[in-house]
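Printed here is target.csv (CSV, C-alpha atoms and all ligand atoms):
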chain,number,residue,atom,x,y,z
A,256,MET,CA,71.3,-28.6,-14.2
A,257,ASP,CA,67.8,-29.1,-12.6
A,258,LYS,CA,67.5,-32.2,-10.6
A,259,PHE,CA,64.3,-34.3,-10.1
A,260,PRO,CA,63.3,-36.9,-7.5
A,261,ALA,CA,64.2,-40.5,-8.3
A,262,VAL,CA,64.3,-43.8,-6.6
A,263,LEU,CA,67.8,-45.2,-7.2
A,264,VAL,CA,69.1,-48.8,-6.8
A,265,THR,CA,72.8,-49.0,-6.3
A,266,ARG,CA,75.2,-51.9,-5.6
A,267,ASP,CA,78.3,-52.2,-3.5
A,268,ASP,CA,81.0,-53.6,-5.7
A,269,ALA,CA,82.7,-55.4,-2.8
A,270,THR,CA,79.7,-57.0,-1.2
A,271,LYS,CA,77.5,-57.2,-4.3
A,272,GLN,CA,74.6,-56.0,-2.0
A,273,GLN,CA,72.1,-53.7,-3.6
A,274,SER,CA,70.6,-50.8,-1.7
A,275,VAL,CA,67.8,-48.4,-2.6
A,276,ALA,CA,67.1,-44.7,-1.7
A,277,LEU,CA,65.0,-41.8,-2.7
A,278,THR,CA,67.4,-39.2,-4.1
A,279,ALA,CA,67.6,-36.5,-6.8
A,280,ILE,CA,69.3,-37.0,-10.2
A,281,ALA,CA,69.8,-34.8,-13.3
A,282,GLU,CA,68.9,-35.6,-16.9
A,283,SER,CA,72.6,-36.1,-17.7
A,284,GLU,CA,72.5,-39.2,-15.5
A,285,LEU,CA,69.8,-40.9,-17.5
A,286,MET,CA,70.6,-43.5,-20.1
A,287,ASP,CA,70.7,-43.1,-23.9
A,288,GLY,CA,67.4,-42.8,-25.8
A,289,ASP,CA,65.7,-40.7,-28.4
A,290,VAL,CA,62.7,-39.6,-26.4
A,291,THR,CA,62.6,-37.8,-23.1
A,292,VAL,CA,59.4,-38.0,-21.0
A,293,ALA,CA,58.2,-36.0,-18.0
A,294,VAL,CA,56.9,-38.9,-15.9
A,295,GLU,CA,53.6,-38.2,-14.2
A,296,TRP,CA,52.5,-41.7,-12.9
A,297,SER,CA,54.1,-45.1,-12.4
A,298,THR,CA,52.9,-48.1,-10.5
A,299,ILE,CA,54.0,-51.0,-8.3
A,300,ASN,CA,53.9,-54.4,-10.1
A,301,TYR,CA,55.2,-57.7,-8.6
A,302,LYS,CA,58.4,-57.3,-10.6
A,303,ASP,CA,59.0,-53.8,-9.1
A,304,GLY,CA,58.8,-55.5,-5.7
A,305,LEU,CA,61.5,-57.9,-6.7
A,306,ALA,CA,63.6,-55.1,-8.2
A,307,ILE,CA,63.4,-52.8,-5.2
A,308,THR,CA,63.9,-55.5,-2.5
A,309,GLY,CA,66.6,-57.3,-4.6
A,310,LYS,CA,64.8,-60.6,-3.8
A,311,SER,CA,65.4,-61.7,-7.4
A,312,PRO,CA,68.1,-60.3,-9.7
A,313,VAL,CA,65.7,-58.1,-11.7
A,314,VAL,CA,68.0,-55.1,-11.7
A,315,ARG,CA,70.9,-55.9,-14.0
A,316,ARG,CA,72.6,-52.5,-14.4
A,317,PHE,CA,73.6,-50.1,-11.6
A,318,PRO,CA,72.8,-47.5,-10.7
A,319,MET,CA,69.2,-48.2,-11.8
A,320,VAL,CA,65.9,-46.2,-11.6
A,321,PRO,CA,63.4,-49.1,-11.1
A,322,GLY,CA,59.8,-48.8,-12.3
A,323,ILE,CA,58.8,-51.1,-15.2
A,324,ASP,CA,56.1,-48.8,-16.4
A,325,PHE,CA,55.1,-45.1,-16.6
A,326,ALA,CA,52.8,-42.6,-18.2
A,327,GLY,CA,53.8,-39.1,-19.0
A,328,THR,CA,54.4,-36.3,-21.5
A,329,VAL,CA,57.1,-36.1,-24.1
A,330,THR,CA,59.5,-33.1,-23.5
A,331,ALA,CA,62.1,-33.8,-26.2
A,332,SER,CA,62.2,-36.2,-29.2
A,333,ALA,CA,64.5,-37.2,-32.0
A,334,HIS,CA,62.0,-40.1,-33.0
A,335,PRO,CA,59.8,-39.5,-36.0
A,336,ASP,CA,56.7,-40.8,-34.2
A,337,PHE,CA,56.9,-38.5,-31.1
A,338,ALA,CA,56.9,-34.8,-30.5
A,339,PRO,CA,56.9,-32.7,-27.3
A,340,GLY,CA,53.5,-32.6,-25.7
A,341,ASP,CA,52.6,-36.2,-26.8
A,342,ALA,CA,51.0,-38.3,-24.0
A,343,VAL,CA,52.7,-41.7,-23.8
A,344,ILE,CA,52.7,-45.0,-22.0
A,345,LEU,CA,55.6,-47.4,-21.5
A,346,ASP,CA,55.4,-51.0,-20.3
A,347,GLY,CA,58.3,-53.4,-20.1
A,348,TRP,CA,61.1,-53.6,-22.6
A,349,GLY,CA,63.6,-54.1,-19.7
A,350,VAL,CA,62.8,-50.6,-18.4
A,351,GLY,CA,63.4,-50.7,-14.6
A,352,GLU,CA,65.7,-53.7,-15.1
A,353,THR,CA,68.4,-52.8,-17.6
A,354,HIS,CA,67.3,-49.3,-18.6
A,355,MET,CA,66.3,-46.6,-16.2
A,356,GLY,CA,62.6,-46.6,-15.5
A,357,GLY,CA,59.5,-44.9,-14.1
A,358,TYR,CA,60.3,-44.0,-10.5
A,359,ALA,CA,61.8,-40.6,-11.5
A,360,GLY,CA,60.6,-37.2,-12.7
A,361,ARG,CA,62.1,-37.8,-16.1
A,362,ALA,CA,62.8,-40.9,-18.3
A,363,ARG,CA,64.8,-41.1,-21.5
A,364,VAL,CA,64.0,-44.1,-23.6
A,365,LYS,CA,63.8,-45.5,-27.1
A,366,GLY,CA,60.8,-44.1,-28.9
A,367,ASP,CA,60.2,-47.6,-30.3
A,368,TRP,CA,59.2,-48.7,-26.8
A,369,LEU,CA,56.5,-46.0,-26.3
A,370,ILE,CA,52.9,-46.1,-27.4
A,371,LYS,CA,50.6,-43.1,-27.5
A,372,ARG,CA,48.2,-43.0,-24.6
A,373,PRO,CA,44.7,-43.5,-25.9
A,374,ALA,CA,42.7,-40.2,-25.4
A,375,ALA,CA,39.9,-41.9,-23.6
A,376,ILE,CA,42.1,-42.9,-20.6
A,377,SER,CA,43.9,-40.5,-18.3
A,378,ALA,CA,47.6,-40.9,-17.4
A,379,ARG,CA,46.6,-42.0,-13.8
A,380,SER,CA,44.1,-44.6,-15.1
A,381,ALA,CA,46.6,-45.9,-17.6
A,382,MET,CA,48.9,-46.6,-14.8
A,383,ALA,CA,46.1,-48.0,-12.6
A,384,VAL,CA,45.9,-50.5,-15.4
A,385,GLY,CA,49.7,-50.6,-15.7
A,386,THR,CA,51.8,-53.6,-16.8
A,387,ALA,CA,49.7,-56.0,-14.6
A,388,GLY,CA,46.4,-54.9,-16.3
A,389,TYR,CA,47.8,-54.8,-19.8
A,390,THR,CA,49.1,-58.3,-19.2
A,391,ALA,CA,45.7,-59.4,-18.0
A,392,MET,CA,44.3,-58.1,-21.3
A,393,LEU,CA,47.0,-60.0,-23.2
A,394,ALA,CA,45.8,-63.1,-21.4
A,395,VAL,CA,42.2,-62.5,-22.3
A,396,MET,CA,43.1,-61.9,-25.9
A,397,ALA,CA,45.1,-65.1,-26.0
A,398,LEU,CA,42.0,-67.1,-24.8
A,399,GLU,CA,39.9,-65.4,-27.4
A,400,LYS,CA,42.4,-66.1,-30.1
A,401,HIS,CA,42.2,-69.8,-29.1
A,402,GLY,CA,38.5,-69.6,-29.9
A,403,LEU,CA,37.2,-69.6,-26.4
A,404,THR,CA,34.0,-67.7,-25.5
A,405,PRO,CA,31.8,-67.4,-22.4
A,406,ALA,CA,29.4,-70.0,-24.0
A,407,ARG,CA,32.2,-72.7,-23.5
A,408,GLY,CA,31.9,-72.5,-19.7
A,409,PRO,CA,33.4,-70.7,-16.7
A,410,VAL,CA,36.8,-69.0,-16.6
A,411,VAL,CA,39.1,-69.4,-13.5
A,412,VAL,CA,41.3,-66.5,-12.4
A,413,THR,CA,44.1,-67.2,-9.8
A,414,GLY,CA,45.9,-64.7,-7.7
A,415,ALA,CA,42.5,-63.0,-7.9
A,416,ALA,CA,42.9,-60.1,-5.5
A,417,GLY,CA,46.3,-59.2,-7.0
A,418,GLY,CA,46.9,-56.7,-9.9
A,419,VAL,CA,46.7,-59.1,-12.9
A,420,GLY,CA,43.9,-61.0,-11.2
A,421,SER,CA,41.7,-58.0,-10.4
A,422,VAL,CA,41.9,-56.6,-13.9
A,423,ALA,CA,41.3,-60.0,-15.5
A,424,ILE,CA,38.2,-60.5,-13.4
A,425,ALA,CA,36.8,-57.0,-14.3
A,426,VAL,CA,37.4,-57.5,-18.0
A,427,LEU,CA,36.2,-61.1,-18.2
A,428,ALA,CA,33.0,-60.4,-16.3
A,429,LYS,CA,32.2,-57.4,-18.6
A,430,LEU,CA,32.7,-59.7,-21.6
A,431,GLY,CA,30.1,-62.1,-20.1
A,432,TRP,CA,32.2,-64.8,-18.6
A,433,HIS,CA,31.2,-66.7,-15.4
A,434,VAL,CA,34.3,-65.9,-13.4
A,435,ILE,CA,35.6,-68.2,-10.7
A,436,ALA,CA,38.1,-66.2,-8.6
A,437,VAL,CA,40.8,-68.1,-6.7
A,438,THR,CA,42.2,-66.3,-3.7
A,439,GLY,CA,44.1,-66.9,-0.5
A,440,ARG,CA,42.3,-63.9,1.0
A,441,THR,CA,38.6,-64.9,1.3
A,442,SER,CA,38.2,-61.8,3.4
A,443,GLU,CA,38.3,-60.1,-0.1
A,444,ALA,CA,35.2,-62.0,-1.3
A,445,ASP,CA,33.1,-58.8,-1.5
A,446,TYR,CA,35.8,-56.9,-3.3
A,447,LEU,CA,36.1,-59.7,-5.9
A,448,LYS,CA,32.4,-60.0,-6.3
A,449,GLY,CA,32.3,-56.2,-6.8
A,450,LEU,CA,34.7,-56.6,-9.7
A,451,GLY,CA,32.4,-59.2,-11.3
A,452,ALA,CA,33.5,-62.6,-9.8
A,453,ALA,CA,30.6,-65.1,-9.7
A,454,GLU,CA,32.2,-67.6,-7.4
A,455,ILE,CA,35.1,-67.5,-4.9
A,456,LEU,CA,37.4,-70.5,-4.6
A,457,GLU,CA,39.9,-70.8,-1.7
A,458,ARG,CA,43.5,-71.0,-2.8
A,459,ALA,CA,43.9,-74.1,-0.6
A,460,GLU,CA,41.6,-76.0,-2.9
A,461,LEU,CA,44.2,-75.8,-5.7
A,462,ALA,CA,47.2,-76.3,-3.4
A,463,GLY,CA,47.2,-80.1,-3.1
A,464,ALA,CA,49.4,-82.4,-5.1
A,465,PRO,CA,48.0,-82.2,-8.6
A,466,LYS,CA,46.4,-85.3,-10.2
A,467,PRO,CA,47.1,-85.8,-13.9
A,468,LEU,CA,43.4,-85.3,-14.6
A,469,ALA,CA,40.7,-84.1,-12.2
A,470,LYS,CA,37.0,-83.2,-12.5
A,471,GLU,CA,36.5,-80.7,-15.3
A,472,ARG,CA,35.5,-77.4,-13.8
A,473,TRP,CA,36.3,-74.5,-16.2
A,474,ALA,CA,36.9,-74.0,-19.9
A,475,ALA,CA,39.5,-71.3,-19.6
A,476,GLY,CA,41.9,-69.8,-17.1
A,477,VAL,CA,44.1,-66.8,-16.4
A,478,ASP,CA,46.9,-67.8,-14.0
A,479,SER,CA,49.3,-65.4,-12.3
A,480,VAL,CA,50.5,-67.9,-9.7
A,481,GLY,CA,52.2,-70.8,-11.5
A,482,SER,CA,53.5,-73.9,-9.6
A,483,THR,CA,51.0,-76.3,-8.0
A,484,THR,CA,48.2,-73.9,-8.6
A,485,LEU,CA,48.7,-73.8,-12.3
A,486,ALA,CA,49.1,-77.6,-12.4
A,487,ASN,CA,45.8,-78.0,-10.6
A,488,VAL,CA,44.1,-75.5,-12.9
A,489,LEU,CA,45.3,-77.5,-15.9
A,490,SER,CA,44.1,-80.8,-14.5
A,491,MET,CA,40.6,-79.3,-14.0
A,492,THR,CA,40.3,-77.6,-17.4
A,493,ARG,CA,37.5,-78.9,-19.7
A,494,TYR,CA,38.1,-80.7,-22.9
A,495,GLY,CA,39.5,-78.3,-25.6
A,496,GLY,CA,40.0,-75.5,-23.1
A,497,ALA,CA,43.0,-73.3,-22.5
A,498,VAL,CA,44.9,-71.6,-19.7
A,499,ALA,CA,46.9,-68.4,-20.1
A,500,ALA,CA,50.0,-68.5,-17.9
A,501,CYS,CA,51.3,-65.1,-17.0
A,502,GLY,CA,52.9,-65.2,-13.5
A,503,LEU,CA,54.9,-67.0,-10.8
A,504,ALA,CA,53.6,-65.4,-7.6
A,505,GLY,CA,53.4,-69.0,-6.1
A,506,GLY,CA,56.6,-70.3,-7.7
A,507,MET,CA,58.3,-70.8,-11.0
A,508,ASP,CA,57.9,-74.6,-11.2
A,509,LEU,CA,55.1,-76.5,-12.9
A,510,PRO,CA,54.5,-79.9,-11.3
A,511,SER,CA,52.1,-81.1,-14.0
A,512,SER,CA,51.9,-83.9,-16.5
A,513,VAL,CA,51.1,-84.1,-20.2
A,514,ALA,CA,47.7,-85.6,-19.5
A,515,PRO,CA,45.6,-82.4,-19.8
A,516,PHE,CA,47.3,-81.7,-23.2
A,517,ILE,CA,47.1,-85.2,-24.8
A,518,LEU,CA,43.9,-86.5,-23.3
A,519,ARG,CA,41.8,-83.3,-23.2
A,520,GLY,CA,43.4,-81.2,-25.8
A,521,VAL,CA,44.0,-78.5,-23.3
A,522,ALA,CA,46.3,-75.7,-24.3
A,523,LEU,CA,48.8,-73.8,-22.2
A,524,LEU,CA,49.2,-70.3,-23.6
A,525,GLY,CA,52.3,-68.3,-22.6
A,526,ILE,CA,51.9,-64.6,-22.0
A,527,ASP,CA,54.8,-62.2,-22.1
A,528,SER,CA,54.3,-58.5,-21.8
A,529,VAL,CA,57.9,-57.3,-21.7
A,530,MET,CA,58.9,-58.0,-25.4
A,531,ALA,CA,55.4,-58.0,-26.9
A,532,PRO,CA,55.4,-56.4,-30.3
A,533,LYS,CA,54.0,-52.8,-30.6
A,534,ALA,CA,50.9,-53.8,-32.7
A,535,LEU,CA,49.8,-56.3,-30.0
A,536,ARG,CA,50.4,-53.7,-27.3
A,537,GLU,CA,48.3,-51.1,-29.2
A,538,ALA,CA,45.5,-53.7,-29.7
A,539,ALA,CA,45.6,-54.6,-26.0
A,540,TRP,CA,45.3,-50.9,-24.9
A,541,ALA,CA,42.5,-50.4,-27.4
A,542,ARG,CA,40.7,-53.4,-25.8
A,543,ILE,CA,41.4,-51.9,-22.3
A,544,VAL,CA,39.6,-48.7,-23.3
A,545,ALA,CA,36.7,-50.7,-24.7
A,546,ASP,CA,36.3,-53.5,-22.1
A,547,LEU,CA,37.5,-52.3,-18.7
A,548,ASP,CA,35.0,-50.4,-16.6
A,549,LEU,CA,36.8,-47.3,-15.3
A,550,ALA,CA,34.7,-47.4,-12.1
A,551,LYS,CA,35.8,-50.9,-11.4
A,552,LEU,CA,39.4,-49.9,-12.2
A,553,GLU,CA,39.1,-47.1,-9.6
A,554,ALA,CA,37.7,-49.5,-7.0
A,555,MET,CA,40.8,-51.7,-7.3
A,556,THR,CA,43.3,-48.8,-7.2
A,557,SER,CA,45.1,-47.1,-4.3
A,558,GLU,CA,47.6,-44.3,-4.7
A,559,ILE,CA,51.0,-43.6,-3.1
A,560,ALA,CA,53.7,-41.0,-3.4
A,561,LEU,CA,57.1,-41.6,-5.0
A,562,ALA,CA,58.6,-41.5,-1.4
A,563,ASP,CA,56.4,-44.4,-0.4
A,564,VAL,CA,57.6,-46.8,-3.1
A,565,ILE,CA,60.5,-48.3,-1.2
A,566,GLY,CA,58.4,-49.0,1.9
A,567,THR,CA,55.5,-50.5,-0.1
A,568,ALA,CA,57.6,-52.9,-2.3
A,569,PRO,CA,57.9,-55.7,0.2
A,570,ASP,CA,54.1,-55.7,0.6
A,571,ILE,CA,53.4,-56.8,-3.0
A,572,LEU,CA,55.8,-59.8,-2.6
A,573,ALA,CA,54.0,-60.7,0.6
A,574,GLY,CA,50.7,-60.9,-1.3
A,575,LYS,CA,49.4,-58.0,0.9
A,576,VAL,CA,48.5,-55.6,-1.9
A,577,ARG,CA,44.9,-55.6,-3.1
A,578,GLY,CA,44.4,-54.7,-6.8
A,579,ARG,CA,46.7,-52.0,-8.2
A,580,ILE,CA,48.8,-49.3,-6.7
A,581,VAL,CA,49.5,-46.1,-8.7
A,582,VAL,CA,52.6,-44.0,-7.9
A,583,LYS,CA,52.2,-40.2,-8.2
A,584,VAL,CA,55.6,-39.1,-9.6
A,585,ALA,CA,54.8,-35.5,-10.4
A,601,LIG,P1,50.3,-59.2,-7.2
A,601,LIG,O1,51.1,-59.4,-6.0
A,601,LIG,O2,49.4,-58.0,-7.3
A,601,LIG,O3,49.3,-60.5,-7.4
A,601,LIG,C1,49.7,-61.8,-7.2
A,601,LIG,C2,48.6,-62.5,-6.4
A,601,LIG,O4,48.9,-63.9,-6.4
A,601,LIG,C3,48.5,-62.1,-4.9
A,601,LIG,O5,47.7,-60.9,-4.7
A,601,LIG,C4,47.8,-63.3,-4.3
A,601,LIG,O6,46.4,-63.3,-4.7
A,601,LIG,C5,48.5,-64.5,-5.2
A,601,LIG,N1,49.6,-65.0,-4.5
A,601,LIG,C6,50.7,-64.4,-3.9
A,601,LIG,N2,51.5,-65.3,-3.4
A,601,LIG,C7,51.0,-66.5,-3.6
A,601,LIG,C8,51.4,-67.8,-3.3
A,601,LIG,N3,52.6,-68.0,-2.6
A,601,LIG,N4,50.7,-68.8,-3.6
A,601,LIG,C9,49.5,-68.6,-4.3
A,601,LIG,N5,49.0,-67.4,-4.6
A,601,LIG,C10,49.8,-66.4,-4.3
A,601,LIG,O7,51.2,-59.3,-8.5
A,601,LIG,P2,50.9,-58.8,-10.0
A,601,LIG,O8,49.4,-59.0,-10.3
A,601,LIG,O9,51.6,-57.5,-10.3
A,601,LIG,O10,51.7,-60.0,-10.8
A,601,LIG,C11,51.2,-61.3,-10.7
A,601,LIG,C12,52.2,-62.2,-11.3
A,601,LIG,O11,52.2,-62.0,-12.7
A,601,LIG,C13,53.7,-62.0,-10.9
A,601,LIG,O12,54.3,-63.3,-10.8
A,601,LIG,C14,54.3,-61.2,-12.0
A,601,LIG,O13,55.7,-61.4,-12.0
A,601,LIG,C15,53.5,-61.7,-13.2
A,601,LIG,N6,53.5,-60.8,-14.3
A,601,LIG,C16,53.9,-61.3,-15.5
A,601,LIG,C17,53.9,-60.5,-16.6
A,601,LIG,C18,54.3,-61.1,-17.9
A,601,LIG,O14,54.7,-60.4,-18.8
A,601,LIG,N7,54.2,-62.4,-18.1
A,601,LIG,C19,53.5,-59.1,-16.5
A,601,LIG,C20,53.0,-58.7,-15.2
A,601,LIG,C21,53.0,-59.6,-14.1
A,601,LIG,P3,45.3,-63.8,-3.6
A,601,LIG,O15,45.7,-63.1,-2.3
A,601,LIG,O16,44.0,-63.3,-4.2
A,601,LIG,O17,45.4,-65.3,-3.5
Let me see whether you can do it: turn the structure in this file into structure tokens.
Amino acid sequence: MDKFPAVLVTRDDATKQQSVALTAIAESELMDGDVTVAVEWSTINYKDGLAITGKSPVVRRFPMVPGIDFAGTVTASAHPDFAPGDAVILDGWGVGETHMGGYAGRARVKGDWLIKRPAAISARSAMAVGTAGYTAMLAVMALEKHGLTPARGPVVVTGAAGGVGSVAIAVLAKLGWHVIAVTGRTSEADYLKGLGAAEILERAELAGAPKPLAKERWAAGVDSVGSTTLANVLSMTRYGGAVAACGLAGGMDLPSSVAPFILRGVALLGIDSVMAPKALREAAWARIVADLDLAKLEAMTSEIALADVIGTAPDILAGKVRGRIVVKVA
């Protein structure tokens, strides 16, 4: 049977140590599913960095093809919604964690997990957006659902030069928000302003011990950092504002108090992309097509080959990756 290239994470039963290598596998080695996809593009998200390095127990089945998202073309389907030739996208659903994912020439998955790729966006651009960008859009939509508009005041975006942050800035700026970008890399100020940031704030300004309440600075926030950063963002959010929490790049804890919630009516909106229902995903992708400038998307995207995935994974955990990385699988 024809084999195709794949990144494979395996685990030594005796030592429980995981290792990762670029290899070749056959379709018979893929897991059960009713749709087979020829994968064209994948990406490196923060969670992929954790999966490949083993720094957190993201991979929960061995052997595993990591890669939490991919875009490709259906080659075989027993699912009523999909036929060979359909262009599809997959984000999340445990793919790359408990079900073999995007870093391989083929993927076999549940059709219920797939969405049709909007015609207006190429497979490469869809993965330049990737799970990080689709999550950023979920965060923007959550702020809007809460009733927030640019007229209410500025929006703060933390982890600004990362994947979620970069897409959030581009989208929010296009929608008319005054975007305050929080970054540890002030050397990236020009990059962030190019995406649409109006102000740059040094990460260190939000790194001190959070007060229950501080001076009100923004009406809304998109946070991919968590921990002290999120606690400070909450304490500085204006009366009636909201912060969409989507990440933990700075830590999983939240050393906050209830003060912003009970004294300023601030809301903390939880964002999950992995198990988000299909209708919400389709709405988010429609909004990405409408509200993300493709030239800005290209400006935040770099491209690597499948063979480079293993070497690049530690960089995203070290906060060294700017914007988004697409992986050319085929
Ligand atoms: P990136 O690494 O691309 O971005 C994270 C950014 O956070 C970095 O670029 C850096 O930005 C900042 N950062 C990194 N380390 C620290 C630190 N120790 N303290 C403060 N800031 C830090 O990752 P992604 O954009 O792919 O993902 C961001 C987060 O969102 C991750 O935690 C990820 O797991 C989460 N996520 C959650 C999803 C969900 O469904 N809820 C889906 C997708 C992602 P800068 O240099 O500008 O300061």
* Hey, which residues come within 7 Å of ligand LIG 601 (chain A) if we count only C-alpha atoms and all ligand atoms? Could you give them as a ChimeraX atom specification? -> /A:300-302,386-387,390,413-420,437-440,458,479-480,484,501-506,526-529,571-579
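The space separating CA of Tyr446 (chain A) from CA of Ala554 (chain A) comes to 8.5 Å.
Between CA of His433 (chain A) and CA of Ala486 (chain A) lies a distance of 21.2 Å.
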* State, in Å with one decimal place, the distance from CA of Val434 (chain A) to CA of Tyr494 (chain A). =>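 Between CA of Val434 (chain A) and CA of Tyr494 (chain A) the gap works out to 18.0 Å.
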* Of the candidates A:Leu450, A:Ala326, A:Ala459, A:Met355, which shows the shortest atom-to-atom distance to Ile376 (chain A), using only C-alpha atoms? -> A:Ala326
* Exercise: Val294 (chain A) partners within 9 Å, all atoms listed in the file, chain neighbours under 5 positions left out, as a PyMOL selection string -> chain A and resi 325-329+357-362+584-585
* Residues at most 9 Å from region 333-343 of chain A, counting all atoms listed in the file, excluding those fewer than 2 positions away in the same chain, as a list of chain:residue names? ->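 Neighbouring residues, sequence-local ones excluded: A:Gly288, A:Asp289, A:Val290, A:Thr291, A:Val292, A:Phe325, A:Ala326, A:Gly327, A:Thr328, A:Val329, A:Thr330, A:Ala331, A:Leu345, A:Lys365, A:Gly366, A:Asp367, A:Leu369, A:Ile370, A:Lys371, A:Arg372, A:Pro373, A:Ala374, A:Ala378.
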* Asked: Skipping near chain neighbours, those fewer than 5 positions away, what residues fall within 9 Å of Gly449 (chain A) using all atoms listed in the file, listed as JSON, numbers by chain?
  -> {"A": [425, 444, 551, 554]}
* Structure fact -> Judged by only C-alpha atoms, the minimum distance to Arg519 (chain A) among A:Ala375, A:Ala381, A:Val422, A:Leu489 is found for A:Leu489
* To do: Pick out the residues sitting within 7 Å of Pro465 (chain A), and hand them over as a count of residues only; count only C-alpha atoms, and ignore anything fewer than 2 positions along from it in its own chain.
  => 6
* Show which residues sit within 8 Å of Ile307 (chain A), as JSON, numbers by chain. Count all atoms listed in the file, and ignore same-chain residues fewer than 6 positions away. => {"A": [264, 275, 321, 565, 568]}
* Structure fact -> From the list A:Leu305, A:Ala269, A:Pro318, A:Leu524, the nearest residue to Glu284 (chain A) using all atoms listed in the file is A:Pro318
* To do: Could you check which of A:Val513, A:Ala497, A:Ala428, A:Leu447 is closest to Leu468 (chain A), using all atoms listed in the file?
  => A:Val513
* Measuring atom to atom with all atoms listed in the file, identify which of A:Glu457, A:Asp563, A:Glu471, A:Glu558 is nearest to Val521 (chain A). =>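 Checking each of A:Glu457, A:Asp563, A:Glu471, A:Glu558 against Val521 (chain A), counting all atoms listed in the file, the winner is A:Glu471.
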